[in-house]
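Everything on this sheet refers to the single structure shown next.
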There are 2 protein chains.
Amino acid sequence: MSAGLYDVIARRRDVRAEFTGEQLDPAVLERLLGAAHAAPSVGHSQPWDFVLVRDPRTRDEFARHVAGEREVYADSLPADRRETFRPIKVEGIRESGLAVVVTYDPDRGGPHVLGRHTIADAGLYSTCLAIQNLWLAATAEGVGVGWVSFYREEFLRDLLGIPERVRPVAWLCLGPVSHLQEVPDLERHGWRERRPLAEAVHHESFRR
Amino acid sequence: MSAGLYDVIARRRDVRAEFTGEQLDPAVLERLLGAAHAAPSVGHSQPWDFVLVRDPRTRDEFARHVAGEREVYADSLPADRRETFRPIKVEGIRESGLAVVVTYDPDRGGPHVLGRHTIADAGLYSTCLAIQNLWLAATAEGVGVGWVSFYREEFLRDLLGIPERVRPVAWLCLGPVSHLQEVPDLERHGWRERRPLAEAVHHESFRR
(Lines give C-alpha, C1' and ligand atoms only; values in the text may rest on other atoms or scores of the structure.)
Protein backbone atom coordinates (compact mmCIF):
# COMPACT_ATOMS: atom_id res chain seq x y z
CA MET A 1 0.00 0.00 0.00
CA SER A 2 2.69 2.49 0.99
CA ALA A 3 4.63 1.39 -2.12
CA GLY A 4 1.59 2.59 -4.09
CA LEU A 5 1.77 6.06 -2.60
CA TYR A 6 5.52 6.39 -3.14
CA ASP A 7 5.00 5.33 -6.72
CA VAL A 8 2.36 8.04 -7.23
CA ILE A 9 4.63 10.65 -5.61
CA ALA A 10 7.47 9.66 -7.94
CA ARG A 11 5.36 9.55 -11.11
CA ARG A 12 3.59 12.89 -10.51
CA ARG A 13 4.57 15.49 -13.14
CA ASP A 14 3.75 19.11 -13.91
CA VAL A 15 2.10 18.53 -17.28
CA ARG A 16 2.31 20.91 -20.25
CA ALA A 17 2.48 19.04 -23.57
CA GLU A 18 0.86 15.68 -22.85
CA PHE A 19 -2.82 16.60 -22.59
CA THR A 20 -4.92 14.65 -25.11
CA GLY A 21 -7.84 17.09 -25.10
CA GLU A 22 -10.29 14.35 -24.10
CA GLN A 23 -13.00 15.07 -21.56
CA LEU A 24 -12.33 14.24 -17.95
CA ASP A 25 -14.81 11.70 -16.52
CA PRO A 26 -17.10 13.66 -14.14
CA ALA A 27 -16.89 10.90 -11.51
CA VAL A 28 -13.11 11.15 -11.56
CA LEU A 29 -13.26 14.93 -11.23
CA GLU A 30 -15.55 14.56 -8.23
CA ARG A 31 -13.06 12.22 -6.56
CA LEU A 32 -10.20 14.64 -7.24
CA LEU A 33 -12.10 17.55 -5.71
CA GLY A 34 -13.02 15.33 -2.76
CA ALA A 35 -9.35 14.53 -2.23
CA ALA A 36 -8.47 18.24 -2.25
CA HIS A 37 -11.30 19.00 0.14
CA ALA A 38 -10.02 16.34 2.59
CA ALA A 39 -6.79 18.28 3.15
CA PRO A 40 -5.83 19.52 6.60
CA SER A 41 -6.43 23.20 7.27
CA VAL A 42 -5.48 25.59 10.02
CA GLY A 43 -8.26 25.71 12.60
CA HIS A 44 -10.27 23.39 10.29
CA SER A 45 -11.03 26.58 8.32
CA GLN A 46 -11.12 24.85 4.90
CA PRO A 47 -10.37 28.19 3.25
CA TRP A 48 -10.16 26.91 -0.33
CA ASP A 49 -12.57 27.21 -3.26
CA PHE A 50 -12.41 25.59 -6.67
CA VAL A 51 -13.55 27.41 -9.79
CA LEU A 52 -13.99 25.00 -12.70
CA VAL A 53 -13.35 26.74 -16.00
CA ARG A 54 -14.37 24.98 -19.20
CA ASP A 55 -15.43 27.92 -21.39
CA PRO A 56 -12.89 28.06 -24.27
CA ARG A 57 -13.19 31.86 -24.45
CA THR A 58 -12.14 32.27 -20.82
CA ARG A 59 -9.27 29.84 -21.24
CA ASP A 60 -8.21 31.55 -24.43
CA GLU A 61 -8.18 34.95 -22.76
CA PHE A 62 -6.11 33.57 -19.91
CA ALA A 63 -3.72 31.85 -22.34
CA ARG A 64 -3.11 35.17 -24.11
CA HIS A 65 -2.33 36.88 -20.80
CA VAL A 66 0.07 34.08 -19.89
CA ALA A 67 1.80 34.34 -23.29
CA GLY A 68 2.41 38.01 -22.57
CA GLU A 69 3.88 37.26 -19.15
CA ARG A 70 6.07 34.61 -20.72
CA GLU A 71 7.55 37.33 -22.94
CA VAL A 72 8.08 39.63 -19.95
CA TYR A 73 9.95 36.85 -18.17
CA ALA A 74 12.01 35.87 -21.24
CA ASP A 75 13.09 39.49 -21.68
CA SER A 76 14.36 39.57 -18.10
CA LEU A 77 16.78 36.68 -18.67
CA PRO A 78 20.48 36.84 -19.58
CA ALA A 79 21.10 35.60 -23.15
CA ASP A 80 22.21 32.04 -22.31
CA ARG A 81 19.26 31.41 -19.99
CA ARG A 82 16.89 32.90 -22.57
CA GLU A 83 18.19 30.30 -25.03
CA THR A 84 17.60 27.46 -22.54
CA PHE A 85 14.13 28.85 -21.77
CA ARG A 86 13.01 29.16 -25.42
CA PRO A 87 11.83 25.54 -26.04
CA ILE A 88 10.23 25.14 -22.59
CA LYS A 89 6.43 25.00 -22.70
CA VAL A 90 4.94 26.74 -19.66
CA GLU A 91 1.24 25.86 -19.95
CA GLY A 92 -1.37 23.62 -21.58
CA ILE A 93 -4.34 25.92 -21.01
CA ARG A 94 -6.12 25.40 -24.33
CA GLU A 95 -5.24 21.71 -24.77
CA SER A 96 -6.32 20.49 -21.35
CA GLY A 97 -10.03 21.29 -21.64
CA LEU A 98 -10.53 22.08 -17.96
CA ALA A 99 -8.98 24.43 -15.45
CA VAL A 100 -9.41 24.17 -11.70
CA VAL A 101 -8.61 27.56 -10.24
CA VAL A 102 -7.91 27.23 -6.53
CA THR A 103 -8.47 30.26 -4.32
CA TYR A 104 -7.91 31.21 -0.69
CA ASP A 105 -10.50 33.06 1.41
CA PRO A 106 -8.92 34.55 4.56
CA ASP A 107 -12.39 35.30 6.00
CA ARG A 108 -13.40 31.63 6.03
CA GLY A 109 -13.46 30.37 9.59
CA GLY A 110 -14.49 33.65 11.20
CA PRO A 111 -12.42 36.20 13.10
CA HIS A 112 -10.59 33.74 15.42
CA VAL A 113 -9.07 31.02 13.24
CA LEU A 114 -7.42 28.57 15.63
CA GLY A 115 -3.68 28.46 14.98
CA ARG A 116 -3.53 31.50 12.71
CA HIS A 117 -3.07 34.39 15.15
CA THR A 118 0.74 34.18 14.91
CA ILE A 119 1.06 33.30 11.21
CA ALA A 120 -1.26 35.11 8.84
CA ASP A 121 -0.21 32.93 5.90
CA ALA A 122 -1.21 29.67 7.60
CA GLY A 123 -4.51 29.61 5.68
CA LEU A 124 -2.63 30.05 2.42
CA TYR A 125 -0.51 27.05 3.41
CA SER A 126 -3.67 24.98 3.94
CA THR A 127 -4.84 25.83 0.43
CA CYS A 128 -1.58 24.48 -0.98
CA LEU A 129 -2.02 21.21 0.91
CA ALA A 130 -5.38 20.80 -0.82
CA ILE A 131 -3.68 21.32 -4.19
CA GLN A 132 -1.15 18.59 -3.51
CA ASN A 133 -3.91 16.16 -2.49
CA LEU A 134 -5.64 16.85 -5.80
CA TRP A 135 -2.40 16.52 -7.75
CA LEU A 136 -1.52 13.12 -6.27
CA ALA A 137 -5.06 11.81 -6.65
CA ALA A 138 -5.00 12.92 -10.30
CA THR A 139 -1.70 11.11 -10.85
CA ALA A 140 -3.14 7.95 -9.31
CA GLU A 141 -6.14 8.24 -11.67
CA GLY A 142 -3.94 8.75 -14.75
CA VAL A 143 -5.01 12.39 -15.06
CA GLY A 144 -2.49 15.13 -15.78
CA VAL A 145 -2.18 18.36 -13.79
CA GLY A 146 -0.24 21.43 -14.90
CA TRP A 147 0.16 24.39 -12.52
CA VAL A 148 0.37 27.64 -14.47
CA SER A 149 1.99 30.51 -12.62
CA PHE A 150 2.82 33.03 -15.37
CA TYR A 151 -0.07 35.35 -14.51
CA ARG A 152 -0.91 38.46 -12.51
CA GLU A 153 -3.31 37.71 -9.69
CA GLU A 154 -5.28 40.87 -10.46
CA PHE A 155 -5.88 39.71 -14.03
CA LEU A 156 -7.21 36.34 -12.89
CA ARG A 157 -9.42 38.00 -10.26
CA ASP A 158 -11.02 40.16 -12.93
CA LEU A 159 -11.35 37.28 -15.38
CA LEU A 160 -13.28 35.04 -12.97
CA GLY A 161 -15.05 37.61 -10.81
CA ILE A 162 -13.08 36.67 -7.73
CA PRO A 163 -13.81 39.07 -4.85
CA GLU A 164 -11.07 41.42 -3.69
CA ARG A 165 -10.48 39.63 -0.37
CA VAL A 166 -10.07 36.21 -2.04
CA ARG A 167 -6.66 35.32 -3.42
CA PRO A 168 -6.20 33.12 -6.49
CA VAL A 169 -3.48 30.60 -5.61
CA ALA A 170 -3.26 28.36 -8.66
CA TRP A 171 -4.55 27.83 -12.18
CA LEU A 172 -4.39 24.06 -12.62
CA CYS A 173 -4.83 22.58 -16.11
CA LEU A 174 -6.49 19.17 -15.78
CA GLY A 175 -7.15 16.43 -18.26
CA PRO A 176 -6.38 12.99 -19.62
CA VAL A 177 -2.79 12.63 -20.82
CA SER A 178 -1.04 10.43 -23.37
CA HIS A 179 1.67 9.68 -20.80
CA LEU A 180 3.66 11.30 -18.01
CA GLN A 181 7.28 12.26 -18.63
CA GLU A 182 9.77 10.27 -16.60
CA VAL A 183 12.04 13.27 -16.07
CA PRO A 184 10.58 16.69 -15.16
CA ASP A 185 10.54 19.10 -18.13
CA LEU A 186 12.91 21.59 -16.49
CA GLU A 187 15.49 18.83 -15.92
CA ARG A 188 15.10 17.43 -19.45
CA HIS A 189 15.66 20.88 -20.91
CA GLY A 190 18.74 21.53 -18.79
CA TRP A 191 17.08 24.36 -16.87
CA ARG A 192 17.80 23.04 -13.39
CA GLU A 193 19.02 19.83 -11.72
CA ARG A 194 17.58 17.97 -8.79
CA ARG A 195 19.23 18.96 -5.49
CA PRO A 196 20.56 16.03 -3.43
CA LEU A 197 18.27 15.37 -0.47
CA ALA A 198 21.25 15.31 1.92
CA GLU A 199 21.87 19.02 1.22
CA ALA A 200 18.33 19.84 2.34
CA VAL A 201 18.53 17.97 5.65
CA HIS A 202 19.95 19.68 8.75
CA HIS A 203 20.34 18.39 12.28
CA GLU A 204 19.31 20.29 15.41
CA SER A 205 19.92 23.69 13.80
CA PHE A 206 20.07 25.27 10.37
CA ARG A 207 23.54 24.70 8.91
CA ARG A 208 24.59 27.91 7.24
CA MET B 1 -3.92 1.33 -6.23
CA SER B 2 -5.81 4.63 -6.40
CA ALA B 3 -8.11 3.27 -3.67
CA GLY B 4 -4.95 3.08 -1.52
CA LEU B 5 -4.18 6.76 -2.01
CA TYR B 6 -7.75 7.87 -1.27
CA ASP B 7 -7.66 5.78 1.87
CA VAL B 8 -4.44 7.50 3.00
CA ILE B 9 -5.92 10.92 2.24
CA ALA B 10 -9.00 10.08 4.32
CA ARG B 11 -7.08 8.59 7.25
CA ARG B 12 -4.52 11.40 7.54
CA ARG B 13 -4.88 13.33 10.79
CA ASP B 14 -3.21 16.28 12.49
CA VAL B 15 -1.88 14.41 15.52
CA ARG B 16 -1.60 15.87 19.03
CA ALA B 17 -2.35 13.27 21.71
CA GLU B 18 -1.61 9.92 20.04
CA PHE B 19 2.20 9.92 19.91
CA THR B 20 3.64 6.88 21.73
CA GLY B 21 7.08 8.44 22.28
CA GLU B 22 8.79 5.55 20.48
CA GLN B 23 11.69 6.21 18.13
CA LEU B 24 10.96 6.59 14.47
CA ASP B 25 12.76 4.00 12.31
CA PRO B 26 15.56 5.89 10.48
CA ALA B 27 14.77 4.10 7.21
CA VAL B 28 11.15 5.27 7.45
CA LEU B 29 12.26 8.84 8.17
CA GLU B 30 14.51 8.73 5.10
CA ARG B 31 11.57 7.64 2.93
CA LEU B 32 9.37 10.42 4.36
CA LEU B 33 12.00 13.06 3.61
CA GLY B 34 12.45 11.58 0.14
CA ALA B 35 8.70 11.91 -0.44
CA ALA B 36 8.79 15.57 0.62
CA HIS B 37 11.80 16.22 -1.59
CA ALA B 38 9.99 14.74 -4.62
CA ALA B 39 7.37 17.51 -4.51
CA PRO B 40 6.87 19.84 -7.45
CA SER B 41 8.41 23.30 -7.13
CA VAL B 42 8.19 26.51 -9.08
CA GLY B 43 11.01 26.63 -11.63
CA HIS B 44 12.27 23.34 -10.12
CA SER B 45 13.74 25.56 -7.37
CA GLN B 46 13.27 22.99 -4.56
CA PRO B 47 13.32 25.84 -2.03
CA TRP B 48 12.68 23.72 1.07
CA ASP B 49 14.99 22.59 3.88
CA PHE B 50 14.31 20.18 6.71
CA VAL B 51 15.75 20.74 10.17
CA LEU B 52 15.47 17.59 12.29
CA VAL B 53 15.17 18.48 15.95
CA ARG B 54 15.59 15.70 18.52
CA ASP B 55 17.29 17.57 21.39
CA PRO B 56 14.76 17.57 24.28
CA ARG B 57 16.01 20.97 25.47
CA THR B 58 15.24 22.60 22.15
CA ARG B 59 11.83 20.94 21.98
CA ASP B 60 11.11 21.93 25.56
CA GLU B 61 12.01 25.55 24.89
CA PHE B 62 9.75 25.57 21.84
CA ALA B 63 6.91 23.92 23.80
CA ARG B 64 7.10 26.67 26.44
CA HIS B 65 6.91 29.35 23.75
CA VAL B 66 3.90 27.61 22.19
CA ALA B 67 2.18 27.37 25.58
CA GLY B 68 2.55 31.13 25.93
CA GLU B 69 1.06 31.73 22.48
CA ARG B 70 -1.79 29.39 23.33
CA GLU B 71 -2.61 31.68 26.27
CA VAL B 72 -2.44 34.77 24.05
CA TYR B 73 -4.89 33.14 21.66
CA ALA B 74 -7.24 31.91 24.40
CA ASP B 75 -7.38 35.43 25.85
CA SER B 76 -8.45 36.82 22.47
CA LEU B 77 -11.55 34.58 22.34
CA PRO B 78 -15.12 35.42 23.39
CA ALA B 79 -16.16 33.45 26.50
CA ASP B 80 -18.10 30.64 24.76
CA ARG B 81 -15.34 29.95 22.26
CA ARG B 82 -12.75 30.02 25.07
CA GLU B 83 -14.73 27.26 26.76
CA THR B 84 -14.80 25.17 23.58
CA PHE B 85 -11.08 25.78 23.09
CA ARG B 86 -10.02 24.80 26.62
CA PRO B 87 -9.84 20.95 26.19
CA ILE B 88 -8.28 21.14 22.70
CA LYS B 89 -4.65 20.02 22.64
CA VAL B 90 -2.65 22.08 20.13
CA GLU B 91 0.69 20.25 20.05
CA GLY B 92 2.60 17.09 20.91
CA ILE B 93 6.06 18.61 20.87
CA ARG B 94 7.55 16.77 23.86
CA GLU B 95 5.75 13.45 23.30
CA SER B 96 6.58 12.98 19.64
CA GLY B 97 10.36 12.70 20.01
CA LEU B 98 11.20 14.32 16.67
CA ALA B 99 10.38 17.58 14.96
CA VAL B 100 10.87 18.26 11.27
CA VAL B 101 11.00 22.01 10.81
CA VAL B 102 10.36 22.89 7.19
CA THR B 103 11.75 26.16 5.86
CA TYR B 104 11.58 28.19 2.64
CA ASP B 105 14.61 29.82 1.06
CA PRO B 106 13.59 32.46 -1.52
CA ASP B 107 17.17 32.67 -2.83
CA ARG B 108 17.23 29.03 -3.88
CA GLY B 109 17.09 28.83 -7.65
CA GLY B 110 18.97 32.04 -8.35
CA PRO B 111 17.69 35.44 -9.39
CA HIS B 112 15.39 34.26 -12.22
CA VAL B 113 13.16 31.51 -10.83
CA LEU B 114 11.02 30.31 -13.75
CA GLY B 115 7.36 30.96 -13.00
CA ARG B 116 7.89 33.21 -9.99
CA HIS B 117 8.26 36.67 -11.54
CA THR B 118 4.53 37.39 -11.22
CA ILE B 119 3.87 35.64 -7.90
CA ALA B 120 6.48 36.09 -5.19
CA ASP B 121 4.79 33.53 -2.93
CA ALA B 122 5.01 30.71 -5.49
CA GLY B 123 8.11 29.30 -3.77
CA LEU B 124 6.28 29.30 -0.46
CA TYR B 125 3.51 27.32 -2.14
CA SER B 126 6.06 24.74 -3.33
CA THR B 127 7.29 24.28 0.22
CA CYS B 128 3.74 23.44 1.34
CA LEU B 129 3.40 20.82 -1.40
CA ALA B 130 6.49 19.12 0.04
CA ILE B 131 4.87 19.11 3.48
CA GLN B 132 1.75 17.39 2.17
CA ASN B 133 3.84 14.72 0.44
CA LEU B 134 5.58 14.03 3.73
CA TRP B 135 2.29 14.00 5.63
CA LEU B 136 0.62 11.48 3.32
CA ALA B 137 3.72 9.26 3.21
CA ALA B 138 3.81 9.31 7.01
CA THR B 139 0.14 8.31 7.16
CA ALA B 140 0.78 5.42 4.78
CA GLU B 141 3.68 4.31 7.01
CA GLY B 142 1.58 4.50 10.18
CA VAL B 143 3.52 7.52 11.43
CA GLY B 144 1.75 10.50 12.99
CA VAL B 145 2.33 14.12 11.95
CA GLY B 146 1.19 17.16 13.93
CA TRP B 147 1.63 20.65 12.45
CA VAL B 148 2.17 23.18 15.22
CA SER B 149 1.41 26.77 14.28
CA PHE B 150 1.15 28.57 17.65
CA TYR B 151 4.56 30.23 17.35
CA ARG B 152 6.23 33.44 16.26
CA GLU B 153 8.46 32.92 13.24
CA GLU B 154 11.12 35.14 14.78
CA PHE B 155 11.29 32.94 17.86
CA LEU B 156 11.78 29.79 15.80
CA ARG B 157 14.41 31.48 13.65
CA ASP B 158 16.41 32.36 16.75
CA LEU B 159 15.92 28.93 18.31
CA LEU B 160 17.29 27.04 15.30
CA GLY B 161 19.73 29.57 13.87
CA ILE B 162 17.70 30.02 10.73
CA PRO B 163 19.12 32.84 8.57
CA GLU B 164 17.12 36.04 8.21
CA ARG B 165 16.20 35.45 4.55
CA VAL B 166 14.89 31.92 5.24
CA ARG B 167 11.32 31.57 6.45
CA PRO B 168 10.19 28.81 8.82
CA VAL B 169 6.95 27.39 7.38
CA ALA B 170 6.08 24.51 9.71
CA TRP B 171 7.07 22.74 12.90
CA LEU B 172 5.96 19.17 12.30
CA CYS B 173 5.88 16.73 15.23
CA LEU B 174 6.64 13.23 13.94
CA GLY B 175 6.50 9.84 15.56
CA PRO B 176 4.82 6.48 15.95
CA VAL B 177 1.22 6.73 17.12
CA SER B 178 -1.12 4.44 19.04
CA HIS B 179 -3.84 5.11 16.46
CA LEU B 180 -5.26 7.88 14.30
CA GLN B 181 -8.54 9.52 15.29
CA GLU B 182 -11.39 8.86 12.88
CA VAL B 183 -12.80 12.36 13.27
CA PRO B 184 -10.48 15.42 13.27
CA ASP B 185 -9.95 16.83 16.78
CA LEU B 186 -11.56 20.19 15.97
CA GLU B 187 -14.72 18.44 14.76
CA ARG B 188 -14.81 16.08 17.76
CA HIS B 189 -14.53 19.02 20.14
CA GLY B 190 -17.27 20.98 18.39
CA TRP B 191 -14.91 23.71 17.25
CA ARG B 192 -15.80 23.63 13.58
CA GLU B 193 -17.74 21.41 11.14
CA ARG B 194 -16.71 20.13 7.75
CA ARG B 195 -17.95 22.35 4.92
CA PRO B 196 -19.89 20.55 2.17
CA LEU B 197 -17.73 20.16 -0.94
CA ALA B 198 -20.53 21.51 -3.15
CA GLU B 199 -20.22 24.91 -1.44
CA ALA B 200 -16.55 25.09 -2.41
CA VAL B 201 -17.11 24.31 -6.10
CA HIS B 202 -17.94 27.10 -8.57
CA HIS B 203 -18.51 26.97 -12.31
CA GLU B 204 -16.92 29.33 -14.84
CA SER B 205 -16.70 32.18 -12.33
CA PHE B 206 -16.58 32.76 -8.60
CA ARG B 207 -20.12 32.72 -7.21
CA ARG B 208 -20.37 35.56 -4.73
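Ordering of the C-alpha coordinates sets the chain letters (A, B, ...), residue numbers begin anew at 1 in every chain, and ligands are numbered from 1 in the order given.
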
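Near A:Ile119, within a cut-off of 10 Å and counting only C-alpha atoms, sit the residues Gly115 and Gly123 of chain A; Ser149, Phe150, Tyr151, Arg152, Glu153 and Val169 of chain B, with same-chain residues fewer than 4 positions away left out.
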
Test item, alpha helix (DSSP H) assignment across stretch 29-156 of chain A, answer as an NGL selection string: :A and (29-37 or 56-76 or 79-85 or 122-140 or 153-156)

Residue with smallest distance to chain B - pool A:Arg94, A:His179, A:Arg165, A:Arg195, counting only C-alpha atoms: A:Arg195

Contacts of stretch 69-75 of chain A within 12 Å, only C-alpha atoms, excl. fewer than 3 positions in-chain, as number ranges by chain: A: 62-66, 78-91, 148-153, 155; B: 111-119

Spatial neighbours of B:Cys173, 10 Å, only C-alpha atoms, chain gap at least 5 places, as a PyMOL selection string: chain B and resi 14-16+19+53+59+91-101+144-148
